[in-house]
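Undergrad: Structure in structure tokens, see below.
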Amino acid sequence: MQPIRLLLLFTVYLLTVTLWAQSPQLSVEKIMQDPFKSVGSLPSNIYWSEDSRHIYFMWNPEGDDADSLYRVSVKGGKPEKVSPRDRKRLPATSGDYDRSYSRKVYSKDGDLFLLDIKKMKTRRLTRTMDAESNPVFSADEKAILFRKDKNLYRWQLSDGSVEQITDFRSGSKKEDKEAPKGSNRQWLIDEEARLIEVIREQEIERLETRRRKEIDRGENPLPIYIGKDAVSGQQLSPDDNYVTFRLQKSPAGEHGTKVPNYVTRDGYTAQLNARPKVGSPQSSHRFGIYDIRRDEVTYVDTEQIPGIFDQWNKAEGDSASEKKARQVIIYGPFWSDNGKHAVVVIRAIDNKDRWIMKLDPRQAKLTLIDRQHDEAWVGGPGISGWIFFPGNIGWLPDNRRIWFQSEESGYSHLYTYDVVSGKKRALTSGQYEVTSVQMSRDKKHWFLTTSEVHPGERHLYKMPLNGGKKTRVTDKAGNHQTNISPDEKYLATRFSYSNQPWQLFVGRNKAGAEQRQVTDELSEQFRAYAWRDPEIVKIPARDGAEVYARLYRPQNAAAGDPAVVFVHGAGYLQNAHKWWSAYFREYMFHNLLVDNGYTVLDIDYRASAGYGRDWRTAIYRHMGGKDLTDQVDGAAWLVETFKVDPKRIGIYGGSYGGFITFMAMFTEPDVFACGAALRPVSDWAHYNHPYTSNILNEPQADSLAYVRSSPIYHAEGLRGALLICHGMIDTNVHFQDVVRLSQRLIELGKDNWELAVYPLEGHGFTEPSSWTDEYKRVFKLFETHLK
């Protein structure tokens with residue numbers, strides 16, 4: 001058997017070498033052309049028809065200017081393009097269902113529609129110039145509740161009558177200001193009424209007019225004056241007694257930035273409005289309860305929230321001893337199906353806390369259910385690292401237990417909490433993440449997507465509602481983005497593997513079921529090349545952690561060869577996985593580099609997504625710390641494991657990857673001979689607030705974190721060759737960042753750097769010519785300094 005096995009292995013080797021030899025030669029120009037030509041047309045935005053008979057998706061197999069809507073039958077056949085007329089008639093993908101899932105109400109083009117799912121017939125409810133939105137069924141399912149302008153309305157299904165439930169008004173109530181009792185002004189008012197009969201009669205008439213207005217208002221809703229605040233989240237309680245709402249006050253003194261656009265239609269320089277910088281004043285929020293029976297409004301007192309006075313982001317030098325409640329934003333309420341219980345999700349504006357609390361609307365009282373506190377920042381799948389999302393939450397059919405996701409264990413998992421007994425229970429556990437949660441329509445099972453098999457894979461599982469053994473539905477290695485049909489019998493899956501772009505598959509929703517491939521429109525250029533399946537490796541970090549990475553190696557690699565380390569963007573993003581990367585251009589570029597003798601390492605460094613809370617927050621208060629040493633340790637691993645030349649290692653990346661490239665070139669000049677920083681951050685004090693304040697707090701409160709994390713403070717360490725590329729109309733990482741850094745490099749007398757600017761590009765390039773120019777420069781940098 002042994003000789004036969006060796007013969008088989010040798011045959012496979014020869015076939016592999018032959019395939020590589022027959023592959024066409026890659027070039028930057030081929031890789032960076034329009035994706036339709038370089039890769040092909042990939043399906044996206046997949047959803048089901050409400051009757052489970054068809055799958056709809058966006059696709060562009062004909063190479064048009066934009067994707068079009070296609071549909072395919074669940075029974076088989078070829079996809080067909082949906083005509084504009086038919087597309088206009090389709091129901092919206094979002095909306096609200098009744099309890100039996102037989103009706104769906106939705107808004108489309110500013111009007112309301114009611115769909116009878118069994119008959120697949122649509123009834124138009126409104127046709128107005130004003131936009132109606134956010135329709136939901138009332139608790140008794142006899143009416144539709146919707147929002148229009150600032151207010152909440154009820155549309156009766158029986159007779160089509162419309163009732164206004166709230167009366168939110170901008171500005172303030174116009175009435176005479178009462179003089180303070182005992183004041184000089186009040187004494188003068190009383191004296192005039194005693195002495196002047198006409199004045200006395202006018203005062204009586206004024207009071208009578210006010211009384212008549214109150215009587216005439218009758219059953220009309222109470223006018224609620226909100227000044228200049230914005231109102232949102234208007235919601236009627238199931239018993240029709242309360243309306244809850246949220247007010248947002250824009251910050252005073254907020255200072256946005258201007259991004260100049262030099263190449264315009266009329267030849268004049270234009271100014272693009274862009275975001276303010278981190279540390280700028282933030283909006284404040286109030287959560288109100290309109291008691292319809294009492295005809296009064298109460299605002300929830302946030303001082304009753306446990307830990308609300310904990311100060312995590314106090315300005316440096318602030319010695320004030322006065323306790324101040326932190327700002328929060330309250331989401332919900334989320335009502336049990338029987339209308340007896342309501343919970344709200346509360347996010348701290350500093351993102352150090354996420355509370356789930358029971359709400360008593362009559363007393364505006366909050367009772368703690370769960371508090372997720374993080375000294376860094378709250379986040380994770382199903383929870384969100386952004387405060388403007390409440391996270392996944394809902395009720396179980398017993399009307400006693402809520403379900404939610406939490407990183408309490410260090411990984412995002414599914415929990416339940418009994419609001420009657422106070423018991424919390426984890427339904428999933430382990431060193432993996434639950435990335436999506438869906439309750440079955442019969443409320444007997446969960447459909448979960450997790451990384452349980454491998455951090456770089458995503459699979460669908462079915463689990464009993466009360467927890468227990470999970471059944472794995474999908475099996476192939478890769479990423480299964482599943483869309484479950486409304487009848488839950490079928491799956492429409494967008495699947496991909498490392499070297500296989502996304503395609504649409506359809507099949508039964510059960511383990512081991514065959515999945516039929518629906519789409520396959522890859523370009524001839526893509527099919528002609530034998531794209532590599534990068535090896536997923538673990539790199540030992542200096543602190544004992546194991547860092548996942550993608551490894552690309554030449555077939556004929558030898559000791560002393562050059563290497564390139566790629567740094568993905570965003571920070572919180574995963575790229576060392578087993579599916580088609582969002583960085584598909586870089587993936588193809590890495591194949592080109594390997595063809596030219598480079599070993600390429602693509603690392604999921606500290607801060608990357610997919611590895612739990614500790615990995616996510618490892619960069620707290622020091623960006624350019626462990627996220628950078630992971631790159632340095634990766635380079636050392638290449639030298640030790642594959643004997644690459646330690647003097648011929650380059651590094652590159654965009655956005656956060658560009659930032660890390662700066663830090664590598666400035667603070668680790670002995671490790672990297674050259675680097676390309678694309679659309680990079682050079683000073684975190686100039687980036688946006690939501691992202692940066694999570695990681696570094698605010699600059700006025702934690703200047704040390706900003707100084708040690710910002711490349712502009714370390715530019716004197718540059719020794720190797722540096723390429724900087726940036727779009728001039730970038731409203732995310734502003735072009736100002738590289739302008740300021742350029743001035744710093746000039747003043748430091750550095751002459752081993754160059755800057756390439758792209759006048760008509762933003763943060764994500766759109767023009768193939770720009771992509772081509774940028775990566776030709778990157779390739780030239782490596783060929784010049786690493787060969």
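Chain labels follow the order of the structure tokens: the first chain is A, the next B, and so on; residue numbering restarts at 1 in every chain, and ligands are counted from 1 in their shown order.
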Enumerate, as a ChimeraX atom specification, the complete set of residues in stretch 105-187 of chain A that a backbone-based DSSP assignment places in strand (DSSP E or B).
TA: /A:105-108,111-116,121-124,132-137,143-148,151-156,162-164,167-169,171
Undergrad: I'd like the contact shell of A:Ser451 - 12 Å cut-off, only C-alpha atoms, skipping same-chain residues fewer than 4 positions apart - returned as number ranges by chain.
TA: A: 381, 411-413, 429-436, 455-461, 472, 477-480, 577-578, 609-612
Undergrad: Compile the contact shell of stretch 113-123 of chain A as a VMD selection string: residues with an atom at most 12 Å away, counting only C-alpha atoms, same-chain residues fewer than 6 positions apart removed.
TA: chain A and resid 49 to 53 89 to 98 100 to 107 132 to 137 143 to 144 146 155 157 160 486 to 487
Undergrad: When you count only C-alpha atoms, which of these residues is closest to A:Gly385: A:Ala348, A:Val162, A:Val297, A:Val639?
TA: A:Ala348
Undergrad: Closest to A:Thr428 among A:Lys444, A:Gly468, A:Phe505, A:Val600, using only C-alpha atoms?
TA: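 Among the listed residues, the smallest separation from A:Thr428 belongs to A:Gly468.
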Undergrad: Excluding same-chain residues fewer than 5 positions from A:Tyr691, what lies within 10 Å of it counting only C-alpha atoms, as a PyMOL selection string?
TA: chain A and resi 278+385-386+570+696-697
